[in-house]
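Everything below belongs to start11.cif, which stores mmCIF, C-alpha atoms and all ligand atoms.
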data_final
#
loop_
_atom_site.label_atom_id
_atom_site.label_comp_id
_atom_site.auth_asym_id
_atom_site.auth_seq_id
_atom_site.Cartn_x
_atom_site.Cartn_y
_atom_site.Cartn_z
CA MET A 201 0.00 0.00 0.00
CA ARG A 202 2.97 2.33 -0.50
CA ASP A 203 3.42 4.81 -3.33
CA ILE A 204 6.12 7.16 -4.54
CA VAL A 205 5.45 10.40 -6.41
CA SER A 206 8.41 12.28 -7.88
CA VAL A 207 8.83 16.02 -8.22
CA ASN A 208 10.89 16.39 -11.38
CA LEU A 209 12.50 19.78 -10.98
CA PRO A 210 15.76 19.66 -12.97
CA GLY A 211 18.70 19.25 -10.59
CA ARG A 212 16.43 19.22 -7.52
CA GLU A 213 14.34 16.10 -8.09
CA TYR A 214 12.89 14.47 -5.01
CA ASP A 215 10.53 11.69 -4.06
CA ILE A 216 7.44 11.80 -1.90
CA HIS A 217 6.85 8.46 -0.20
CA ILE A 218 3.26 7.81 0.84
CA GLY A 219 2.02 4.95 2.95
CA PRO A 220 1.72 3.44 6.41
CA GLY A 221 4.77 2.62 8.54
CA LEU A 222 7.16 5.13 6.98
CA LEU A 223 8.45 6.41 10.34
CA ASP A 224 9.65 2.88 11.05
CA ASP A 225 11.63 2.94 7.81
CA ALA A 226 12.77 6.56 8.06
CA GLY A 227 16.41 5.59 8.64
CA MET A 228 16.61 3.39 5.57
CA LEU A 229 14.90 6.06 3.44
CA ILE A 230 16.97 9.02 4.68
CA ALA A 231 20.36 7.22 4.85
CA PRO A 232 21.18 7.70 1.13
CA LEU A 233 21.10 11.49 1.67
CA LEU A 234 23.57 11.50 4.56
CA SER A 235 27.33 11.93 4.59
CA GLN A 236 27.42 11.09 8.31
CA PRO A 237 24.84 9.06 10.29
CA ARG A 238 23.31 11.98 12.20
CA VAL A 239 20.22 14.14 11.65
CA ARG A 240 18.76 17.13 13.48
CA VAL A 241 15.01 16.98 13.84
CA ILE A 242 12.80 19.95 14.68
CA THR A 243 9.26 19.24 15.81
CA ASP A 244 6.58 20.58 18.15
CA GLU A 245 5.44 19.39 21.57
CA THR A 246 2.29 17.69 20.26
CA VAL A 247 3.97 15.71 17.51
CA GLY A 248 7.04 15.13 19.67
CA ALA A 249 5.02 13.52 22.45
CA LEU A 250 3.17 11.25 20.03
CA HIS A 251 5.75 10.27 17.44
CA LEU A 252 9.32 11.39 18.18
CA GLU A 253 10.26 8.12 19.83
CA THR A 254 8.95 6.12 16.85
CA LEU A 255 11.06 8.30 14.54
CA ARG A 256 14.12 7.91 16.76
CA VAL A 257 13.78 4.12 16.64
CA GLY A 258 13.15 4.21 12.88
CA LEU A 259 16.33 6.23 12.34
CA ALA A 260 18.35 4.10 14.76
CA GLY A 261 17.37 1.04 12.71
CA ALA A 262 19.73 2.35 10.03
CA GLY A 263 22.33 3.47 12.58
CA ILE A 264 21.34 7.15 12.38
CA VAL A 265 21.54 9.26 15.55
CA MET A 266 18.92 11.97 16.04
CA GLU A 267 19.21 15.27 17.94
CA SER A 268 15.93 17.07 18.42
CA LEU A 269 14.56 20.52 19.14
CA VAL A 270 10.94 20.68 20.31
CA LEU A 271 8.98 23.93 19.84
CA LYS A 272 5.56 25.04 21.06
CA PRO A 273 2.71 23.98 18.77
CA GLY A 274 0.49 26.43 16.87
CA GLU A 275 0.57 29.09 14.16
CA GLY A 276 2.17 31.57 16.59
CA THR A 277 5.38 29.50 16.44
CA LYS A 278 6.00 30.55 12.83
CA ASN A 279 7.70 33.81 13.74
CA TRP A 280 11.08 35.59 13.67
CA GLU A 281 11.89 34.50 17.21
CA ASN A 282 11.52 30.79 16.49
CA LEU A 283 13.33 31.17 13.18
CA SER A 284 16.26 32.52 15.16
CA THR A 285 15.88 29.72 17.76
CA CYS A 286 16.03 27.09 14.98
CA VAL A 287 18.98 28.63 13.18
CA GLU A 288 21.01 29.19 16.36
CA TRP A 289 20.25 25.66 17.55
CA LEU A 290 21.30 24.17 14.21
CA LEU A 291 24.51 26.21 14.23
CA GLY A 292 25.12 25.13 17.84
CA GLN A 293 24.69 21.57 16.58
CA LYS A 294 27.45 22.31 14.06
CA VAL A 295 25.25 21.54 11.09
CA GLU A 296 27.28 21.72 7.90
CA ARG A 297 26.31 22.30 4.29
CA ARG A 298 26.27 18.55 3.61
CA ASP A 299 24.01 17.73 6.58
CA VAL A 300 20.28 17.16 6.52
CA VAL A 301 17.69 18.82 8.75
CA VAL A 302 14.34 17.11 9.34
CA ALA A 303 11.07 19.07 9.67
CA PHE A 304 8.77 16.77 11.62
CA GLY A 305 5.28 18.18 12.07
CA GLY A 306 2.44 20.00 10.38
CA GLY A 307 2.52 23.01 8.10
CA VAL A 308 3.89 25.38 10.75
CA ILE A 309 6.96 23.25 11.45
CA GLY A 310 7.47 22.48 7.74
CA ASP A 311 7.40 26.15 6.73
CA LEU A 312 9.53 27.35 9.64
CA VAL A 313 12.17 24.61 9.51
CA GLY A 314 12.27 24.70 5.71
CA PHE A 315 13.01 28.43 5.88
CA ALA A 316 15.66 27.91 8.57
CA ALA A 317 17.28 25.28 6.30
CA ALA A 318 17.06 27.67 3.33
CA ILE A 319 19.03 30.43 5.05
CA LEU A 320 21.40 28.35 7.17
CA ARG A 321 24.85 28.46 5.58
CA ARG A 322 23.04 29.74 2.44
CA GLY A 323 21.04 26.54 2.22
CA VAL A 324 21.23 23.06 3.71
CA ARG A 325 19.10 20.15 2.59
CA PHE A 326 16.01 19.21 4.52
CA VAL A 327 13.56 16.35 4.73
CA GLN A 328 9.87 16.92 5.30
CA ILE A 329 8.03 14.40 7.48
CA PRO A 330 4.57 15.96 7.47
CA THR A 331 2.21 14.81 10.21
CA SER A 332 -1.04 16.60 9.38
CA LEU A 333 -3.22 15.86 6.37
CA LEU A 334 -2.84 19.47 5.29
CA ALA A 335 0.94 19.23 5.36
CA GLN A 336 0.96 15.85 3.60
CA VAL A 337 -1.21 16.99 0.68
CA ASP A 338 0.02 20.54 0.34
CA SER A 339 2.56 22.42 2.40
CA SER A 340 5.32 19.78 2.58
CA VAL A 341 5.53 19.58 -1.21
CA GLY A 342 6.67 22.33 -3.55
CA GLY A 343 9.29 24.18 -1.53
CA LYS A 344 7.36 27.15 -0.15
CA THR A 345 8.91 28.01 3.20
CA GLY A 346 8.51 31.00 5.47
CA ILE A 347 7.19 32.71 8.55
CA ASN A 348 4.44 35.16 9.49
CA THR A 349 5.11 38.76 10.52
CA ARG A 350 2.84 41.35 12.11
CA HIS A 351 2.00 42.43 8.55
CA GLY A 352 0.49 39.08 7.63
CA LYS A 353 0.99 35.40 6.98
CA ASN A 354 3.87 33.93 4.99
CA LEU A 355 5.16 37.35 3.97
CA VAL A 356 8.80 36.41 4.61
CA GLY A 357 10.22 33.23 3.14
CA SER A 358 11.86 31.55 0.22
CA PHE A 359 11.47 28.70 -2.22
CA HIS A 360 13.58 25.85 -0.92
CA GLN A 361 12.68 22.36 -2.11
CA PRO A 362 13.01 19.46 0.31
CA SER A 363 15.26 16.54 -0.64
CA LEU A 364 12.70 13.93 0.42
CA VAL A 365 9.14 13.86 1.79
CA LEU A 366 7.84 11.00 3.94
CA ALA A 367 4.05 11.10 4.28
CA ASP A 368 3.29 8.40 6.83
CA ILE A 369 -0.43 7.65 6.70
CA ASP A 370 -0.37 6.08 10.18
CA VAL A 371 0.34 9.40 11.89
CA LEU A 372 -2.91 10.81 10.51
CA GLY A 373 -4.64 8.44 12.95
CA THR A 374 -3.65 10.65 15.89
CA LEU A 375 -5.14 13.84 14.44
CA THR A 376 -8.34 15.21 15.93
CA GLN A 377 -11.35 14.86 13.65
CA ARG A 378 -11.40 18.65 13.32
CA ASP A 379 -7.77 18.82 12.16
CA PHE A 380 -8.28 15.93 9.74
CA LEU A 381 -11.38 17.50 8.21
CA ALA A 382 -9.59 20.83 7.96
CA GLY A 383 -6.93 19.07 5.84
CA CYS A 384 -9.74 17.80 3.61
CA GLY A 385 -10.22 21.46 2.57
CA GLU A 386 -6.88 21.29 0.75
CA VAL A 387 -7.73 17.84 -0.65
CA VAL A 388 -11.05 18.86 -2.21
CA LYS A 389 -9.28 21.90 -3.66
CA TYR A 390 -7.33 19.59 -6.01
CA GLY A 391 -10.48 17.99 -7.40
CA LEU A 392 -12.10 21.38 -7.83
CA LEU A 393 -9.14 23.02 -9.51
CA GLY A 394 -8.21 20.34 -11.98
CA ASP A 395 -9.68 16.86 -11.64
CA ALA A 396 -13.46 16.41 -11.73
CA LYS A 397 -13.03 12.61 -11.49
CA PHE A 398 -11.13 13.00 -8.23
CA PHE A 399 -13.93 15.20 -6.90
CA GLU A 400 -16.44 12.48 -7.88
CA TRP A 401 -14.25 9.89 -6.15
CA LEU A 402 -14.28 12.05 -3.02
CA GLU A 403 -18.06 12.38 -3.16
CA THR A 404 -18.28 8.59 -3.02
CA ASN A 405 -15.30 7.70 -0.84
CA GLY A 406 -14.68 10.83 1.23
CA PRO A 407 -16.67 9.73 4.29
CA LYS A 408 -14.92 6.31 4.34
CA MET A 409 -11.55 8.03 3.99
CA ALA A 410 -12.36 10.44 6.84
CA ALA A 411 -13.45 7.48 8.98
CA GLY A 412 -9.94 6.00 8.70
CA ASP A 413 -9.78 3.73 5.64
CA VAL A 414 -6.04 3.47 5.02
CA ALA A 415 -6.19 2.62 1.30
CA ALA A 416 -8.53 5.58 0.72
CA ARG A 417 -6.16 7.86 2.67
CA VAL A 418 -3.18 6.70 0.61
CA HIS A 419 -5.17 7.38 -2.56
CA VAL A 420 -6.14 10.87 -1.40
CA VAL A 421 -2.59 11.87 -0.44
CA ARG A 422 -1.16 10.33 -3.63
CA ARG A 423 -3.60 12.02 -6.02
CA SER A 424 -3.19 15.37 -4.22
CA VAL A 425 0.61 15.32 -4.32
CA GLU A 426 0.61 14.06 -7.91
CA MET A 427 -1.36 17.13 -8.89
CA LYS A 428 0.78 19.41 -6.76
CA ALA A 429 4.03 17.91 -8.12
CA GLU A 430 2.82 18.37 -11.68
CA ILE A 431 1.88 22.03 -11.12
CA VAL A 432 5.07 22.84 -9.18
CA THR A 433 7.20 21.26 -11.91
CA ARG A 434 5.51 23.51 -14.47
CA ASP A 435 5.70 26.68 -12.38
CA GLU A 436 7.93 26.42 -9.32
CA THR A 437 7.92 30.10 -8.33
CA GLU A 438 4.27 30.90 -9.08
CA GLN A 439 4.64 32.98 -12.21
CA GLY A 440 1.45 31.40 -13.57
CA ASP A 441 -0.33 28.10 -13.01
CA ARG A 442 0.91 27.51 -9.47
CA ALA A 443 -1.54 30.20 -8.37
CA LEU A 444 -4.30 27.65 -9.11
CA LEU A 445 -3.26 26.00 -5.85
CA ASN A 446 -4.59 29.10 -4.14
CA LEU A 447 -8.20 28.28 -5.01
CA GLY A 448 -10.26 29.47 -2.05
CA HIS A 449 -7.25 31.13 -0.44
CA THR A 450 -8.02 34.81 -1.12
CA PHE A 451 -11.24 34.46 0.88
CA CYS A 452 -9.51 32.16 3.37
CA HIS A 453 -6.76 34.65 4.18
CA ALA A 454 -9.30 37.42 4.79
CA LEU A 455 -11.28 35.12 7.09
CA GLU A 456 -8.13 34.03 8.93
CA ALA A 457 -7.15 37.68 9.44
CA ALA A 458 -10.71 38.48 10.60
CA THR A 459 -10.61 35.68 13.16
CA GLY A 460 -7.12 36.62 14.34
CA TYR A 461 -5.45 33.34 13.23
CA THR A 462 -7.02 31.64 16.23
CA GLY A 463 -8.73 28.32 16.78
CA ARG A 464 -11.95 29.92 15.55
CA LEU A 465 -10.90 29.01 12.03
CA LEU A 466 -8.23 26.54 10.92
CA HIS A 467 -6.49 27.22 7.61
CA GLY A 468 -8.02 24.20 5.85
CA GLU A 469 -11.48 25.16 7.10
CA GLY A 470 -10.98 28.61 5.60
CA VAL A 471 -9.91 27.00 2.32
CA ALA A 472 -13.11 24.91 2.17
CA ILE A 473 -15.31 27.93 2.87
CA GLY A 474 -13.19 29.99 0.45
CA CYS A 475 -13.66 27.39 -2.32
CA ALA A 476 -17.44 27.50 -1.79
CA LEU A 477 -17.31 31.33 -2.05
CA ALA A 478 -15.11 31.19 -5.18
CA PHE A 479 -17.67 28.87 -6.80
CA GLU A 480 -20.46 31.24 -5.76
CA VAL A 481 -18.63 34.18 -7.40
CA SER A 482 -18.03 32.08 -10.55
CA SER A 483 -21.68 31.13 -10.73
CA LYS A 484 -22.81 34.77 -10.23
CA MET A 485 -20.50 35.78 -13.10
CA GLY A 486 -22.10 33.10 -15.31
CA LEU A 487 -18.80 31.22 -15.57
CA CYS A 488 -20.09 27.94 -14.16
CA SER A 489 -23.52 26.41 -13.70
CA GLN A 490 -25.61 27.25 -10.65
CA GLU A 491 -25.52 23.56 -9.68
CA ASP A 492 -21.74 23.55 -9.14
CA PRO A 493 -21.69 25.65 -5.92
CA SER A 494 -24.64 23.65 -4.57
CA ARG A 495 -22.90 20.37 -5.34
CA LEU A 496 -19.73 21.54 -3.62
CA ARG A 497 -21.60 22.74 -0.54
CA ALA A 498 -23.52 19.43 -0.36
CA PHE A 499 -20.21 17.55 -0.42
CA LEU A 500 -18.65 19.69 2.30
CA LYS A 501 -21.70 19.34 4.52
CA ASN A 502 -21.85 15.58 3.98
CA MET A 503 -18.21 15.35 5.10
CA GLY A 504 -19.01 17.39 8.22
CA MET A 505 -16.63 20.13 7.02
CA LYS A 506 -17.05 23.84 7.58
CA THR A 507 -18.96 25.14 4.55
CA ASP A 508 -20.56 28.52 5.26
CA LEU A 509 -19.56 31.72 7.04
CA SER A 510 -22.15 30.84 9.69
CA ASP A 511 -20.03 27.77 10.55
CA ILE A 512 -17.41 30.17 11.99
CA GLU A 513 -18.15 30.88 15.64
CA GLY A 514 -18.48 34.50 16.75
CA ASP A 515 -18.93 37.73 14.83
CA LEU A 516 -17.27 38.51 11.50
CA PRO A 517 -16.56 41.96 10.04
CA ASN A 518 -18.91 43.22 7.33
CA ALA A 519 -18.37 42.44 3.64
CA GLU A 520 -16.48 45.67 2.85
CA ALA A 521 -14.09 45.08 5.74
CA LEU A 522 -13.51 41.49 4.62
CA VAL A 523 -12.61 42.66 1.10
CA ASP A 524 -10.19 45.18 2.62
CA LEU A 525 -8.53 42.33 4.51
CA MET A 526 -7.85 40.60 1.18
CA GLY A 527 -5.61 43.55 0.23
CA GLN A 528 -2.63 42.25 2.22
CA ASP A 529 -2.72 38.92 0.45
CA LYS A 530 0.42 37.84 -1.45
CA LYS A 531 -1.80 37.26 -4.47
CA VAL A 532 -2.25 41.02 -4.91
CA LEU A 533 -0.46 41.92 -8.14
CA ASP A 534 0.04 45.58 -9.08
CA GLY A 535 -2.57 46.45 -6.46
CA GLN A 536 -5.16 44.16 -8.08
CA LEU A 537 -6.70 41.23 -6.26
CA ARG A 538 -6.27 37.93 -8.03
CA PHE A 539 -8.92 35.27 -7.70
CA ILE A 540 -9.02 31.66 -8.73
CA LEU A 541 -12.40 31.16 -10.36
CA THR A 542 -13.93 28.21 -12.15
CA ARG A 543 -15.75 27.21 -15.32
CA GLY A 544 -17.00 24.14 -13.49
CA ILE A 545 -15.73 21.45 -11.14
CA GLY A 546 -12.21 20.55 -12.32
CA THR A 547 -11.59 23.66 -14.45
CA SER A 548 -10.22 26.59 -12.48
CA PHE A 549 -8.32 29.59 -13.78
CA VAL A 550 -6.58 32.69 -12.43
CA THR A 551 -8.06 36.14 -13.03
CA SER A 552 -7.94 39.71 -11.78
CA ASP A 553 -11.06 40.51 -13.73
CA VAL A 554 -13.56 40.48 -10.87
CA SER A 555 -15.40 43.55 -9.66
CA ARG A 556 -15.08 44.50 -6.02
CA ASP A 557 -18.85 45.09 -5.94
CA LEU A 558 -19.55 41.49 -6.93
CA ILE A 559 -17.25 40.14 -4.20
CA VAL A 560 -18.96 42.42 -1.68
CA ASP A 561 -22.40 41.18 -2.88
CA VAL A 562 -21.41 37.52 -2.54
CA LEU A 563 -19.97 38.12 0.93
CA GLN A 564 -23.07 40.08 2.00
CA ASP A 565 -25.30 37.18 0.93
CA ALA A 566 -23.00 34.69 2.65
CA LEU A 567 -22.98 36.74 5.87
CA ARG A 568 -26.79 36.90 5.84
CA SER A 569 -27.42 33.18 5.34
N1 LIG B 601 0.01 26.04 -0.97
C1 LIG B 601 0.11 26.64 -2.25
C2 LIG B 601 1.41 26.39 -2.94
O1 LIG B 601 2.20 25.60 -2.46
O2 LIG B 601 1.67 26.97 -3.95
#
As structure tokens - that is how I would like this structure written.
Ligand code: GLY
Amino acid sequence: MRDIVSVNLPGREYDIHIGPGLLDDAGMLIAPLLSQPRVRVITDETVGALHLETLRVGLAGAGIVMESLVLKPGEGTKNWENLSTCVEWLLGQKVERRDVVVAFGGGVIGDLVGFAAAILRRGVRFVQIPTSLLAQVDSSVGGKTGINTRHGKNLVGSFHQPSLVLADIDVLGTLTQRDFLAGCGEVVKYGLLGDAKFFEWLETNGPKMAAGDVAARVHVVRRSVEMKAEIVTRDETEQGDRALLNLGHTFCHALEAATGYTGRLLHGEGVAIGCALAFEVSSKMGLCSQEDPSRLRAFLKNMGMKTDLSDIEGDLPNAEALVDLMGQDKKVLDGQLRFILTRGIGTSFVTSDVSRDLIVDVLQDALRS
């Protein structure tokens, strides 16, 4: 039940291994990258308590010694202070250019540690061992690394591709249902943006996959990273098509800013709601059929995922204020907001040709319902 997907970037090719039991085999899989049998692993307290010992044993199986740094969990960790903590710790560990750093955790750890690896000694190699569904299907693949600042999310960072990704399906079993379903926001995004058959598959098999079916989980991670690998290979630094991966994200980032990046809204939940809003905008513009947004919302509800603005606890700003919050998004180009819209399930495209009034109208309707 194991799969390998390759990211074929010339000179920086790497494999993504997907399947159960990969932590047990981590040593054997990482060993070919090492010049000496030692790795530095950075994780967070939650993942560390659950899985660090399994990783240590898996590495020791191939004679690899592990030193670890354990950070606090949560989005707040992805800041300048922890970047400095990671870099200083790695330097204190005498990490050299030929060494390998391991990012062991969800998207926060992957982005932070990837960025630390990117700037340490002008770039050391790193291995991603993503432990959340969101990180397995999205953030661990493609080389986006970075931190948040007081000006917004992910505004400081670099493209630094990992040398290997190990997506162990077993670790998904320790996620809370809420975290798992949040990751499904990034999964459904792939079907919506470019693979109607995958969306259909999710309509049929999504509930079984969410309930824990391992083969279905392997399929979901594999198909997602296949699509991501293909897009990243075409457009590594987001000059064009890579922006498709931001379907739902312009709305999501405004909602995350409005909710203060707190537990009120997880990133993947915002992506799911953002996709539903992007489909609503597309339908209002006559780009896709009216059935498409309804079909998407029915799927999200059937999965038990957040679907509507009313699924976010507490008050939200009004529609105008939400549109203003989109202005800080990285997808603003020459002052113009860029949206990913759709001509139907599986056919998304990037455009700046959307009127502010229409976005405000859609948000007003969504806030009322
Ligand atoms: N998460 C969007 C990207 O990697 O481009």
Padded axis-aligned box of stretch 422-429 of chain A (6 Å per side), centre and edge lengths, Å, one decimal, as AutoDock Vina command-line options:
--center_x 0.2 --center_y 14.9 --center_z -6.3 --size_x 19.6 --size_y 21.1 --size_z 17.3
Between A:Thr254, A:Gln439, A:Thr507, A:Gln564, which has the minimum distance to ligand LIG 601 (chain B) (counting all atoms listed in the file)?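 Among A:Thr254, A:Gln439, A:Thr507, A:Gln564, it is A:Gln439 that comes nearest to ligand LIG 601 (chain B).
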Can you work out which residues are within 12 Å of ligand LIG 601 (chain B), considering only C-alpha atoms and all ligand atoms, and then hand them over as a ChimeraX atom specification? /A:307,310-311,334-346,354,358-361,383,385-387,389-390,424-425,427-450,467-468,471,530-531
Residues within 9 Å of A:Asp225, all atoms listed in the file, excluding chain neighbours under 6 positions, as a PyMOL selection string: chain A and resi 255+258-259+261-262
Quote the spacing between atom CA of A:Gly486 and atom CA of A:Gly391 in Å to one decimal place.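 The value is 20.6 Å.
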Counting all atoms listed in the file, which residues have an atom no more than 12 Å from (-17.7, 13.0, -5.4) in the file's coordinates? Please list them as number ranges by chain. A: 388, 391-392, 395-407, 492, 495-500, 502-503, 545-546
From the set A:Glu288, A:Asp565, A:Asp215, A:Glu296, which residue has the shortest atom-to-atom contact distance to A:Pro362, counting all atoms listed in the file?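 Under the stated criterion, the closest residue is A:Asp215.
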Measure the distance from atom CA of A:Val247 to atom CA of A:Pro273 in Å and round it to one decimal.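 Answer for the atom CA of A:Val247 to atom CA of A:Pro273 separation: 8.5 Å.
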Rounded to one decimal in Å, what is the spacing between atom CA of A:His453 and atom CA of A:Arg543?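 Interatomic distance here is 22.7 Å.
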Have stretch 379-399 of chain A completed to N, CA, C and O atoms, please, and pass it along as a PDB file, in the coordinates of the input.
ATOM      1  N   ASP A 379      -8.984  18.569  12.942  1.00  0.00           N
ATOM      2  CA  ASP A 379      -7.770  18.820  12.160  1.00  0.00           C
ATOM      3  C   ASP A 379      -7.781  18.011  10.859  1.00  0.00           C
ATOM      4  O   ASP A 379      -7.366  18.496   9.808  1.00  0.00           O
ATOM      5  N   PHE A 380      -8.247  16.755  10.949  1.00  0.00           N
ATOM      6  CA  PHE A 380      -8.280  15.930   9.740  1.00  0.00           C
ATOM      7  C   PHE A 380      -9.215  16.552   8.698  1.00  0.00           C
ATOM      8  O   PHE A 380      -8.864  16.698   7.531  1.00  0.00           O
ATOM      9  N   LEU A 381     -10.409  16.937   9.165  1.00  0.00           N
ATOM     10  CA  LEU A 381     -11.380  17.500   8.210  1.00  0.00           C
ATOM     11  C   LEU A 381     -10.905  18.847   7.656  1.00  0.00           C
ATOM     12  O   LEU A 381     -11.218  19.195   6.524  1.00  0.00           O
ATOM     13  N   ALA A 382     -10.151  19.584   8.470  1.00  0.00           N
ATOM     14  CA  ALA A 382      -9.590  20.830   7.960  1.00  0.00           C
ATOM     15  C   ALA A 382      -8.646  20.520   6.787  1.00  0.00           C
ATOM     16  O   ALA A 382      -8.689  21.176   5.741  1.00  0.00           O
ATOM     17  N   GLY A 383      -7.835  19.483   6.933  1.00  0.00           N
ATOM     18  CA  GLY A 383      -6.930  19.070   5.840  1.00  0.00           C
ATOM     19  C   GLY A 383      -7.703  18.696   4.583  1.00  0.00           C
ATOM     20  O   GLY A 383      -7.217  18.878   3.458  1.00  0.00           O
ATOM     21  N   CYS A 384      -8.914  18.180   4.774  1.00  0.00           N
ATOM     22  CA  CYS A 384      -9.740  17.800   3.610  1.00  0.00           C
ATOM     23  C   CYS A 384     -10.074  19.027   2.762  1.00  0.00           C
ATOM     24  O   CYS A 384     -10.392  18.893   1.577  1.00  0.00           O
ATOM     25  N   GLY A 385     -10.005  20.236   3.355  1.00  0.00           N
ATOM     26  CA  GLY A 385     -10.220  21.460   2.570  1.00  0.00           C
ATOM     27  C   GLY A 385      -9.189  21.561   1.456  1.00  0.00           C
ATOM     28  O   GLY A 385      -9.510  21.908   0.313  1.00  0.00           O
ATOM     29  N   GLU A 386      -7.932  21.240   1.778  1.00  0.00           N
ATOM     30  CA  GLU A 386      -6.880  21.290   0.750  1.00  0.00           C
ATOM     31  C   GLU A 386      -7.031  20.122  -0.234  1.00  0.00           C
ATOM     32  O   GLU A 386      -6.677  20.234  -1.397  1.00  0.00           O
ATOM     33  N   VAL A 387      -7.561  18.992   0.243  1.00  0.00           N
ATOM     34  CA  VAL A 387      -7.730  17.840  -0.650  1.00  0.00           C
ATOM     35  C   VAL A 387      -8.796  18.141  -1.709  1.00  0.00           C
ATOM     36  O   VAL A 387      -8.559  17.955  -2.915  1.00  0.00           O
ATOM     37  N   VAL A 388      -9.958  18.627  -1.253  1.00  0.00           N
ATOM     38  CA  VAL A 388     -11.050  18.860  -2.210  1.00  0.00           C
ATOM     39  C   VAL A 388     -10.650  19.929  -3.212  1.00  0.00           C
ATOM     40  O   VAL A 388     -11.058  19.901  -4.373  1.00  0.00           O
ATOM     41  N   LYS A 389      -9.795  20.853  -2.770  1.00  0.00           N
ATOM     42  CA  LYS A 389      -9.280  21.900  -3.660  1.00  0.00           C
ATOM     43  C   LYS A 389      -8.701  21.299  -4.949  1.00  0.00           C
ATOM     44  O   LYS A 389      -8.928  21.821  -6.042  1.00  0.00           O
ATOM     45  N   TYR A 390      -7.959  20.180  -4.815  1.00  0.00           N
ATOM     46  CA  TYR A 390      -7.330  19.590  -6.010  1.00  0.00           C
ATOM     47  C   TYR A 390      -8.376  19.103  -7.009  1.00  0.00           C
ATOM     48  O   TYR A 390      -8.246  19.309  -8.210  1.00  0.00           O
ATOM     49  N   GLY A 391      -9.424  18.442  -6.502  1.00  0.00           N
ATOM     50  CA  GLY A 391     -10.480  17.990  -7.400  1.00  0.00           C
ATOM     51  C   GLY A 391     -11.126  19.183  -8.085  1.00  0.00           C
ATOM     52  O   GLY A 391     -11.340  19.188  -9.296  1.00  0.00           O
ATOM     53  N   LEU A 392     -11.406  20.209  -7.300  1.00  0.00           N
ATOM     54  CA  LEU A 392     -12.100  21.380  -7.830  1.00  0.00           C
ATOM     55  C   LEU A 392     -11.260  22.122  -8.861  1.00  0.00           C
ATOM     56  O   LEU A 392     -11.771  22.588  -9.874  1.00  0.00           O
ATOM     57  N   LEU A 393      -9.950  22.196  -8.597  1.00  0.00           N
ATOM     58  CA  LEU A 393      -9.140  23.020  -9.510  1.00  0.00           C
ATOM     59  C   LEU A 393      -8.780  22.307 -10.798  1.00  0.00           C
ATOM     60  O   LEU A 393      -8.598  22.939 -11.826  1.00  0.00           O
ATOM     61  N   GLY A 394      -8.708  20.963 -10.754  1.00  0.00           N
ATOM     62  CA  GLY A 394      -8.210  20.340 -11.980  1.00  0.00           C
ATOM     63  C   GLY A 394      -8.570  18.885 -12.227  1.00  0.00           C
ATOM     64  O   GLY A 394      -8.067  18.300 -13.182  1.00  0.00           O
ATOM     65  N   ASP A 395      -9.421  18.279 -11.414  1.00  0.00           N
ATOM     66  CA  ASP A 395      -9.680  16.860 -11.640  1.00  0.00           C
ATOM     67  C   ASP A 395     -11.102  16.502 -11.150  1.00  0.00           C
ATOM     68  O   ASP A 395     -11.302  16.086 -10.017  1.00  0.00           O
ATOM     69  N   ALA A 396     -12.054  16.654 -12.075  1.00  0.00           N
ATOM     70  CA  ALA A 396     -13.460  16.410 -11.730  1.00  0.00           C
ATOM     71  C   ALA A 396     -13.664  14.956 -11.279  1.00  0.00           C
ATOM     72  O   ALA A 396     -14.484  14.674 -10.404  1.00  0.00           O
ATOM     73  N   LYS A 397     -12.879  14.033 -11.869  1.00  0.00           N
ATOM     74  CA  LYS A 397     -13.030  12.610 -11.490  1.00  0.00           C
ATOM     75  C   LYS A 397     -12.615  12.395 -10.035  1.00  0.00           C
ATOM     76  O   LYS A 397     -13.197  11.584  -9.317  1.00  0.00           O
ATOM     77  N   PHE A 398     -11.570  13.103  -9.622  1.00  0.00           N
ATOM     78  CA  PHE A 398     -11.130  13.000  -8.230  1.00  0.00           C
ATOM     79  C   PHE A 398     -12.206  13.565  -7.300  1.00  0.00           C
ATOM     80  O   PHE A 398     -12.476  13.000  -6.241  1.00  0.00           O
ATOM     81  N   PHE A 399     -12.844  14.654  -7.722  1.00  0.00           N
ATOM     82  CA  PHE A 399     -13.930  15.200  -6.900  1.00  0.00           C
ATOM     83  C   PHE A 399     -15.058  14.161  -6.787  1.00  0.00           C
ATOM     84  O   PHE A 399     -15.575  13.919  -5.696  1.00  0.00           O
TER      85      PHE A 399
END
